[in-house]
Amino acid sequence: MQGKLITFEGIDGSGKSTQHRMLVGELRSRGRDVLATHEPGGTPLGRRLREVFLETEEMVAPMAELLLFAADRAQHVELLIRPALADGRIVISDRFVDATVAYQGGGRLFGRKTVEKVIKLATGGLSPDLTLYFDIPVEQAIARISERISSTAKTDRMDLETAEFYSRVREEYLAIAKREPERFVVIDASGSIEETHRVVMDTIDRFLEDDNV
Ligand code: ADP
């Protein structure tokens, strides 16, 4: 049986990586065969690309950024995601195609047609079975990022974007939720880590039950 592709989305600081780790841990403790992965940088080539375009101080042209994310994704889909799905595994990716619609479409202001064309080339049309979108006000997300930077001293180019940029990204995510309410589930990510985790588990349990996975 073909596996399932579940993706996590949200603006930086929404807490999705924290929730991703918790969900993967919980499903594995129940004996589920889960591939935990992320974009960008889910493969060795992707990790090198990630260094090139996220951890650089050089200005990155918006089109170069769009295409580098696409290259990372093409490698990720071909080498990791498709084989895992063919083996019947549950693939849970921290970010996937919607991030490009939101960040490069909404954030960098590329038209949707251009972004969707590039996404289709990179994925060959593979689309998530379920997406959890972690929604949070921009100010709250920025406060979390600032705390993360001060506690880990780790930052990347996206951490330095403006509130206005993140507002556009959030609007674009919410527009996807309107277009595809079945696949794209909005999770309120403004509460505590435990509260959000409970909502994630309820949503995933229902999905796996309905699909008999
Ligand atoms: P993202 O992957 O969306 O950028 P992270 O999971 O890395 O977000 O979380 C960003 C920061 O906020 C981390 O330092 C994390 O510990 C913290 N954090 C995550 N979820 C919450 C929450 N619900 N409440 C408060 N802080 C949180």
# chains A, B, ... in the order shown; residues from 1 in each chain; ligands from 1
>>> residues_near_ligand(ligand="ligand 1", cutoff="7 Å", atoms="only C-alpha atoms and all ligand atoms", output="PDB file with C-alpha atoms, in the first residue's frame")
ATOM      1  CA  GLY A  10       3.852  27.813   9.277  1.00  0.00           C
ATOM      2  CA  ILE A  11       5.896  30.972   9.544  1.00  0.00           C
ATOM      3  CA  ASP A  12       9.271  30.747  11.309  1.00  0.00           C
ATOM      4  CA  GLY A  13       8.765  30.692  15.072  1.00  0.00           C
ATOM      5  CA  SER A  14       5.302  29.121  14.842  1.00  0.00           C
ATOM      6  CA  GLY A  15       6.666  26.098  16.709  1.00  0.00           C
ATOM      7  CA  LYS A  16       6.223  23.586  13.902  1.00  0.00           C
ATOM      8  CA  SER A  17       9.665  21.970  14.286  1.00  0.00           C
ATOM      9  CA  THR A  18       8.976  21.396  17.988  1.00  0.00           C
ATOM     10  CA  GLN A  19       5.605  19.822  17.113  1.00  0.00           C
ATOM     11  CA  ARG A 144       9.893  33.182  19.808  1.00  0.00           C
ATOM     12  CA  ILE A 145      12.550  33.542  17.104  1.00  0.00           C
ATOM     13  CA  GLU A 147      14.377  33.955  22.133  1.00  0.00           C
ATOM     14  CA  ARG A 148      15.706  31.074  20.046  1.00  0.00           C
ATOM     15  CA  ALA A 189      -0.210  27.515  17.491  1.00  0.00           C
ATOM     16  CA  SER A 190      -0.417  30.421  19.938  1.00  0.00           C
ATOM     17  CA  GLY A 191      -0.924  28.240  23.030  1.00  0.00           C
ATOM     18  CA  SER A 192       1.550  26.144  25.004  1.00  0.00           C
ATOM     19  CA  ILE A 193       3.623  23.374  23.444  1.00  0.00           C
ATOM     20  CA  THR A 196      -0.753  22.411  20.554  1.00  0.00           C
TER      21      THR A 196
END
>>> residues_around(residues="region 62-79 of chain A", least_positions_apart="5", cutoff="6 Å", atoms="only C-alpha atoms", output="VMD selection string")
chain A and resid 46 122 to 123
>>> atom_distance(atom1="CA of Leu126 (chain A)", atom2="CA of Lys4 (chain A)")
11.2 Å
>>> atom_distance(atom1="CA of Asp94 (chain A)", atom2="CA of His38 (chain A)")
4.3 Å
>>> residues_around(residues="Val213 (chain A)", least_positions_apart="3", cutoff="9 Å", atoms="only C-alpha atoms", output="JSON, numbers by chain")
{"A": [3, 4, 90, 207, 208, 209, 210]}
